[in-house]
Amino acid sequence: MVFRDEYALLIVLFLMVIVGCREEKRYHDKVQRQKVDTPSDALQEILDFQAGLNREFRDPETSPLPDRYRKSFEGLDFFAPDTAYRVRARLVRTPEALPFLMPTTTDRTSKEVVYGIVTFSLHGKNHRLEIYQNPELILEDGYADYLFLPFTDRTNGDQTYMGGRYLDLRIPKSDTIVLDFNKAYNPYCVYNKKYSCPLVHGVNALGARILAGVKDFEPKTK
């Protein structure tokens with residue numbers, strides 16, 4: 001009887017070891033399959049962004065361009081993709097910030113709140129920018145985690161729109177966030193005066209040349 005109990009115990013221990021090994025292998029398989037953000041992935045993401053923006057501008061249902069410009073539209077003018085302008089920034093949230101009215105290119109104002117402050121290094125220099133959240137927009141489908149980053153830089157009025165450019169962001173799960181300036185785009189009012197676009201606050205003026213993203217727009221007609 002004792003022999004049988006010991007034999008049964010050995011079988012139970014053996015099965016526990018097998019199960020444990022299987023779980024460990026499954027864990028390592030999962031780790032190995034995790035996606036790594038490589039330079040080639042980042043480059044493809046930038047190219048996909050450019051292609052998507054051009055599709056949007058060609059489509060009469062989504063294009064901000066007046067018909068006279070859209071019909072001859074061949075593509076936006078972008079800086080060459082450069083992953084040096086894709087930076088990881090530290091995000092400090094500001095939950096006590098109060099909503100304020102951001103001026104726009106028209107008499108309309110946009111209700112915004114400072115969601116947080118990002119700090120990052122670019123080409124050896126440190127920078128600081130505010131990120132905003134619209135309390136009304138986050139109630140719409142697909143915008144619950146949307147963040148808005150308008151900025152100016154030293155290319156404005158030369159290679160890029162004089163009023164600055166925008167970045168669309170999503171709330172990260174950690175205290176860091178990726179800022180890819182290759183995805184910087186122009187306000188719609190650059191293309192069509194019927195749009196009302198938020199003006200960039202002075203605190204978001206970068207003392208650097210951001211040679212990435214969309215360049216200024218030069219309309220062409222047939």
# chains A, B, ... in the order shown; residues from 1 in each chain; ligands from 1
call {"tool": "residues_around", "arguments": {"residues": "region 147-149 of chain A", "least_positions_apart": "5", "cutoff": "8 Å", "atoms": "only C-alpha atoms", "output": "list of chain:residue names"}}
result
A:Tyr115, A:Glu130, A:Ile131, A:Tyr132, A:Gln133, A:Asn134, A:Tyr166, A:Leu167, A:Asp168, A:Leu169, A:Arg170, A:Ile171
call {"tool": "closest_atom_pairs", "arguments": {"of": "region 141-190 of chain A", "to": "region 78-95 of chain A", "cutoff": "6 Å", "atoms": "only C-alpha atoms", "output": "tab-separated table"}}
result
residue	atom	partner	partner_atom	distance
A:Asp175	CA	A:Leu91	CA	5.0
A:Thr176	CA	A:Arg90	CA	4.6
A:Ile177	CA	A:Ala89	CA	5.3
A:Val178	CA	A:Arg88	CA	4.5
A:Leu179	CA	A:Val87	CA	5.3
A:Asp180	CA	A:Arg86	CA	4.1
A:Phe181	CA	A:Tyr85	CA	5.5
call {"tool": "write_last_selection", "arguments": {"atoms": "all heavy atoms", "output": "PDB file, in the first residue's frame"}}
result
ATOM      1  N   ASP A 175       5.151  56.536 -18.956  1.00  0.00           N
ATOM      2  CA  ASP A 175       5.514  57.949 -18.851  1.00  0.00           C
ATOM      3  C   ASP A 175       6.450  58.388 -19.970  1.00  0.00           C
ATOM      4  O   ASP A 175       7.125  59.409 -19.869  1.00  0.00           O
ATOM      5  CB  ASP A 175       6.137  58.251 -17.489  1.00  0.00           C
ATOM      6  CG  ASP A 175       7.414  57.458 -17.248  1.00  0.00           C
ATOM      7  OD1 ASP A 175       7.729  56.589 -18.086  1.00  0.00           O
ATOM      8  OD2 ASP A 175       8.082  57.696 -16.218  1.00  0.00           O
ATOM      9  N   THR A 176       6.495  57.619 -21.063  1.00  0.00           N
ATOM     10  CA  THR A 176       7.236  58.020 -22.251  1.00  0.00           C
ATOM     11  C   THR A 176       6.305  57.973 -23.458  1.00  0.00           C
ATOM     12  O   THR A 176       5.335  57.213 -23.474  1.00  0.00           O
ATOM     13  CB  THR A 176       8.459  57.118 -22.519  1.00  0.00           C
ATOM     14  OG1 THR A 176       8.012  55.769 -22.740  1.00  0.00           O
ATOM     15  CG2 THR A 176       9.424  57.156 -21.342  1.00  0.00           C
ATOM     16  N   ILE A 177       6.621  58.783 -24.453  1.00  0.00           N
ATOM     17  CA  ILE A 177       5.801  58.842 -25.658  1.00  0.00           C
ATOM     18  C   ILE A 177       6.708  59.124 -26.851  1.00  0.00           C
ATOM     19  O   ILE A 177       7.679  59.875 -26.738  1.00  0.00           O
ATOM     20  CB  ILE A 177       4.720  59.942 -25.522  1.00  0.00           C
ATOM     21  CG1 ILE A 177       3.749  59.910 -26.705  1.00  0.00           C
ATOM     22  CG2 ILE A 177       5.337  61.321 -25.357  1.00  0.00           C
ATOM     23  CD1 ILE A 177       2.519  60.801 -26.495  1.00  0.00           C
ATOM     24  N   VAL A 178       6.415  58.499 -27.979  1.00  0.00           N
ATOM     25  CA  VAL A 178       7.208  58.697 -29.189  1.00  0.00           C
ATOM     26  C   VAL A 178       6.673  59.898 -29.958  1.00  0.00           C
ATOM     27  O   VAL A 178       5.477  59.974 -30.260  1.00  0.00           O
ATOM     28  CB  VAL A 178       7.189  57.438 -30.081  1.00  0.00           C
ATOM     29  CG1 VAL A 178       7.881  57.729 -31.411  1.00  0.00           C
ATOM     30  CG2 VAL A 178       7.886  56.276 -29.378  1.00  0.00           C
ATOM     31  N   LEU A 179       7.562  60.835 -30.261  1.00  0.00           N
ATOM     32  CA  LEU A 179       7.236  61.982 -31.107  1.00  0.00           C
ATOM     33  C   LEU A 179       7.943  61.769 -32.440  1.00  0.00           C
ATOM     34  O   LEU A 179       9.168  61.855 -32.513  1.00  0.00           O
ATOM     35  CB  LEU A 179       7.710  63.285 -30.467  1.00  0.00           C
ATOM     36  CG  LEU A 179       7.271  63.578 -29.027  1.00  0.00           C
ATOM     37  CD1 LEU A 179       7.849  64.917 -28.575  1.00  0.00           C
ATOM     38  CD2 LEU A 179       5.762  63.574 -28.915  1.00  0.00           C
ATOM     39  N   ASP A 180       7.182  61.488 -33.469  1.00  0.00           N
ATOM     40  CA  ASP A 180       7.771  61.292 -34.789  1.00  0.00           C
ATOM     41  C   ASP A 180       7.457  62.514 -35.637  1.00  0.00           C
ATOM     42  O   ASP A 180       6.363  62.636 -36.201  1.00  0.00           O
ATOM     43  CB  ASP A 180       7.224  60.022 -35.447  1.00  0.00           C
ATOM     44  CG  ASP A 180       8.022  59.633 -36.688  1.00  0.00           C
ATOM     45  OD1 ASP A 180       8.753  60.493 -37.214  1.00  0.00           O
ATOM     46  OD2 ASP A 180       7.923  58.474 -37.126  1.00  0.00           O
ATOM     47  N   PHE A 181       8.418  63.423 -35.733  1.00  0.00           N
ATOM     48  CA  PHE A 181       8.199  64.662 -36.476  1.00  0.00           C
ATOM     49  C   PHE A 181       8.103  64.421 -37.981  1.00  0.00           C
ATOM     50  O   PHE A 181       7.739  65.335 -38.732  1.00  0.00           O
ATOM     51  CB  PHE A 181       9.295  65.668 -36.144  1.00  0.00           C
ATOM     52  CG  PHE A 181       9.196  66.217 -34.741  1.00  0.00           C
ATOM     53  CD1 PHE A 181      10.013  65.731 -33.732  1.00  0.00           C
ATOM     54  CD2 PHE A 181       8.267  67.191 -34.436  1.00  0.00           C
ATOM     55  CE1 PHE A 181       9.923  66.219 -32.439  1.00  0.00           C
ATOM     56  CE2 PHE A 181       8.155  67.694 -33.151  1.00  0.00           C
ATOM     57  CZ  PHE A 181       8.984  67.207 -32.142  1.00  0.00           C
TER      58      PHE A 181
END
call {"tool": "closest_residue", "arguments": {"among": "A:Tyr143, A:Phe73, A:Phe57, A:Phe151", "to": "Ala205 (chain A)", "atoms": "only C-alpha atoms"}}
result
A:Phe151
call {"tool": "residues_around", "arguments": {"residues": "Gly207 (chain A)", "least_positions_apart": "5", "cutoff": "12 Å", "atoms": "only C-alpha atoms", "output": "list in words"}}
result
Leu122, His123, Lys125, Asn126, His127, Arg128, Leu129, Phe151, Thr152, Asp153, Arg154, Thr155, Asn156 and Gly202 of chain A
call {"tool": "write_last_selection", "arguments": {"atoms": "C-alpha atoms", "output": "PDB file, in the first residue's frame"}}
result
ATOM      1  CA  LEU A 122      17.079  66.361 -30.372  1.00  0.00           C
ATOM      2  CA  HIS A 123      20.500  66.732 -31.968  1.00  0.00           C
ATOM      3  CA  LYS A 125      19.684  69.970 -27.370  1.00  0.00           C
ATOM      4  CA  ASN A 126      16.878  69.661 -24.832  1.00  0.00           C
ATOM      5  CA  HIS A 127      13.343  70.770 -25.642  1.00  0.00           C
ATOM      6  CA  ARG A 128      10.008  71.119 -23.846  1.00  0.00           C
ATOM      7  CA  LEU A 129       6.497  71.162 -25.341  1.00  0.00           C
ATOM      8  CA  PHE A 151       4.458  73.383 -32.648  1.00  0.00           C
ATOM      9  CA  THR A 152       6.540  75.914 -34.518  1.00  0.00           C
ATOM     10  CA  ASP A 153      10.189  75.630 -35.483  1.00  0.00           C
ATOM     11  CA  ARG A 154      12.863  77.546 -37.355  1.00  0.00           C
ATOM     12  CA  THR A 155      11.830  76.248 -40.777  1.00  0.00           C
ATOM     13  CA  ASN A 156       8.518  78.120 -40.588  1.00  0.00           C
ATOM     14  CA  GLY A 202       4.266  80.566 -27.905  1.00  0.00           C
TER      15      GLY A 202
END
call {"tool": "select_by_dssp", "arguments": {"residues": "chain A", "states": "strand (DSSP E or B)", "output": "JSON, numbers by chain"}}
result
{"A": [78, 86, 87, 88, 89, 90, 91, 92, 93, 100, 101, 102, 103, 104, 109, 110, 111, 112, 113, 114, 115, 116, 117, 118, 119, 120, 121, 122, 125, 126, 127, 128, 129, 130, 131, 132, 133, 146, 147, 148, 149, 150, 151, 152, 156, 160, 165, 166, 167, 168, 169, 170, 176, 177, 178, 179, 180, 185, 198, 205, 214]}
call {"tool": "residues_around", "arguments": {"residues": "Arg108 (chain A)", "least_positions_apart": "5", "cutoff": "10 Å", "atoms": "only C-alpha atoms", "output": "ChimeraX atom specification"}}
result
/A:101-103,196-198
call {"tool": "write_last_selection", "arguments": {"atoms": "N, CA and C atoms", "output": "PDB file, in the first residue's frame"}}
result
ATOM      1  N   LEU A 101      -9.334  78.478 -23.600  1.00  0.00           N
ATOM      2  CA  LEU A 101      -9.777  78.683 -24.971  1.00  0.00           C
ATOM      3  C   LEU A 101      -8.579  79.028 -25.850  1.00  0.00           C
ATOM      4  N   MET A 102      -8.262  78.141 -26.771  1.00  0.00           N
ATOM      5  CA  MET A 102      -7.142  78.341 -27.685  1.00  0.00           C
ATOM      6  C   MET A 102      -7.632  79.117 -28.898  1.00  0.00           C
ATOM      7  N   PRO A 103      -6.979  80.223 -29.235  1.00  0.00           N
ATOM      8  CA  PRO A 103      -7.403  81.000 -30.416  1.00  0.00           C
ATOM      9  C   PRO A 103      -7.139  80.230 -31.702  1.00  0.00           C
ATOM     10  N   SER A 196     -11.040  76.483 -39.844  1.00  0.00           N
ATOM     11  CA  SER A 196     -10.615  77.241 -38.672  1.00  0.00           C
ATOM     12  C   SER A 196      -9.601  76.389 -37.921  1.00  0.00           C
ATOM     13  N   CYS A 197      -8.370  76.866 -37.811  1.00  0.00           N
ATOM     14  CA  CYS A 197      -7.286  76.043 -37.259  1.00  0.00           C
ATOM     15  C   CYS A 197      -6.703  76.668 -35.993  1.00  0.00           C
ATOM     16  N   PRO A 198      -6.487  75.862 -34.947  1.00  0.00           N
ATOM     17  CA  PRO A 198      -5.867  76.374 -33.722  1.00  0.00           C
ATOM     18  C   PRO A 198      -4.488  76.969 -33.988  1.00  0.00           C
TER      19      PRO A 198
END
call {"tool": "atom_distance", "arguments": {"atom1": "CA of Asn182 (chain A)", "atom2": "CA of Val214 (chain A)"}}
result
7.6 Å
call {"tool": "residues_around", "arguments": {"residues": "Gln50 (chain A)", "least_positions_apart": "2", "cutoff": "10 Å", "atoms": "only C-alpha atoms", "output": "JSON list (two decimals) with N, CA, C and O atoms, in the first residue's frame"}}
result
[["chain", "number", "residue", "atom", "x", "y", "z"],
["A", 44, "GLN", "N", 9.15, 52.37, -42.57],
["A", 44, "GLN", "CA", 7.94, 51.93, -43.27],
["A", 44, "GLN", "C", 6.71, 52.66, -42.72],
["A", 44, "GLN", "O", 5.80, 53.03, -43.47],
["A", 45, "GLU", "N", 6.71, 52.90, -41.43],
["A", 45, "GLU", "CA", 5.60, 53.62, -40.80],
["A", 45, "GLU", "C", 5.51, 55.05, -41.34],
["A", 45, "GLU", "O", 4.42, 55.56, -41.59],
["A", 46, "ILE", "N", 6.66, 55.67, -41.55],
["A", 46, "ILE", "CA", 6.69, 57.02, -42.11],
["A", 46, "ILE", "C", 6.17, 57.03, -43.55],
["A", 46, "ILE", "O", 5.37, 57.88, -43.94],
["A", 47, "LEU", "N", 6.64, 56.07, -44.34],
["A", 47, "LEU", "CA", 6.19, 55.98, -45.73],
["A", 47, "LEU", "C", 4.70, 55.70, -45.81],
["A", 47, "LEU", "O", 4.00, 56.25, -46.68],
["A", 48, "ASP", "N", 4.18, 54.87, -44.91],
["A", 48, "ASP", "CA", 2.75, 54.59, -44.87],
["A", 48, "ASP", "C", 1.96, 55.85, -44.52],
["A", 48, "ASP", "O", 0.89, 56.11, -45.08],
["A", 52, "GLY", "N", -0.77, 57.54, -46.94],
["A", 52, "GLY", "CA", -2.13, 57.71, -46.44],
["A", 52, "GLY", "C", -2.59, 59.15, -46.53],
["A", 52, "GLY", "O", -3.75, 59.43, -46.87],
["A", 53, "LEU", "N", -1.70, 60.08, -46.23],
["A", 53, "LEU", "CA", -2.06, 61.50, -46.31],
["A", 53, "LEU", "C", -2.32, 61.91, -47.76],
["A", 53, "LEU", "O", -3.27, 62.65, -48.04],
["A", 54, "ASN", "N", -1.53, 61.40, -48.68],
["A", 54, "ASN", "CA", -1.76, 61.70, -50.10],
["A", 54, "ASN", "C", -3.09, 61.12, -50.58],
["A", 54, "ASN", "O", -3.80, 61.76, -51.37],
["A", 55, "ARG", "N", -3.43, 59.92, -50.12],
["A", 55, "ARG", "CA", -4.74, 59.33, -50.49],
["A", 55, "ARG", "C", -5.87, 60.20, -49.97],
["A", 55, "ARG", "O", -6.87, 60.42, -50.67],
["A", 56, "GLU", "N", -5.73, 60.68, -48.76],
["A", 56, "GLU", "CA", -6.75, 61.53, -48.17],
["A", 56, "GLU", "C", -6.95, 62.81, -48.98],
["A", 56, "GLU", "O", -8.07, 63.27, -49.19],
["A", 75, "GLY", "N", 0.63, 65.12, -55.13],
["A", 75, "GLY", "CA", 1.18, 64.65, -53.87],
["A", 75, "GLY", "C", 1.74, 65.80, -53.06],
["A", 75, "GLY", "O", 2.17, 66.81, -53.62],
["A", 76, "LEU", "N", 1.74, 65.65, -51.73],
["A", 76, "LEU", "CA", 2.30, 66.67, -50.87],
["A", 76, "LEU", "C", 3.82, 66.64, -50.94],
["A", 76, "LEU", "O", 4.42, 65.62, -51.29],
["A", 77, "ASP", "N", 4.42, 67.74, -50.59],
["A", 77, "ASP", "CA", 5.88, 67.84, -50.58],
["A", 77, "ASP", "C", 6.37, 67.52, -49.17],
["A", 77, "ASP", "O", 6.08, 68.26, -48.22],
["A", 78, "PHE", "N", 7.08, 66.40, -49.03],
["A", 78, "PHE", "CA", 7.59, 65.97, -47.73],
["A", 78, "PHE", "C", 9.11, 66.10, -47.68],
["A", 78, "PHE", "O", 9.80, 65.98, -48.70],
["A", 81, "PRO", "N", 12.23, 61.03, -45.36],
["A", 81, "PRO", "CA", 12.13, 60.38, -44.05],
["A", 81, "PRO", "C", 13.47, 60.34, -43.34],
["A", 81, "PRO", "O", 14.49, 60.02, -43.93],
["A", 182, "ASN", "N", 8.41, 63.22, -38.44],
["A", 182, "ASN", "CA", 8.17, 62.86, -39.83],
["A", 182, "ASN", "C", 6.68, 62.85, -40.14],
["A", 182, "ASN", "O", 6.28, 62.87, -41.31],
["A", 183, "LYS", "N", 5.85, 62.81, -39.09],
["A", 183, "LYS", "CA", 4.41, 62.80, -39.26],
["A", 183, "LYS", "C", 3.78, 64.17, -39.00],
["A", 183, "LYS", "O", 2.56, 64.29, -38.86],
["A", 185, "TYR", "N", 2.20, 67.55, -39.86],
["A", 185, "TYR", "CA", 1.39, 67.95, -41.02],
["A", 185, "TYR", "C", 0.88, 69.38, -40.85],
["A", 185, "TYR", "O", 0.90, 69.95, -39.76],
["A", 213, "GLY", "N", 8.65, 65.81, -41.97],
["A", 213, "GLY", "CA", 7.22, 66.02, -42.12],
["A", 213, "GLY", "C", 6.85, 66.74, -43.40],
["A", 213, "GLY", "O", 7.62, 66.78, -44.37],
["A", 214, "VAL", "N", 5.67, 67.35, -43.39],
["A", 214, "VAL", "CA", 5.13, 68.03, -44.58],
["A", 214, "VAL", "C", 5.74, 69.42, -44.72],
["A", 214, "VAL", "O", 5.85, 70.16, -43.74]]
call {"tool": "closest_atom_pairs", "arguments": {"of": "region 102-212 of chain A", "to": "region 65-72 of chain A", "cutoff": "9 Å", "atoms": "only C-alpha atoms", "output": "CSV"}}
result
residue,atom,partner,partner_atom,distance
A:Tyr188,CA,A:Leu65,CA,8.4
A:Tyr191,CA,A:Leu65,CA,5.6
A:Asn192,CA,A:Leu65,CA,6.1
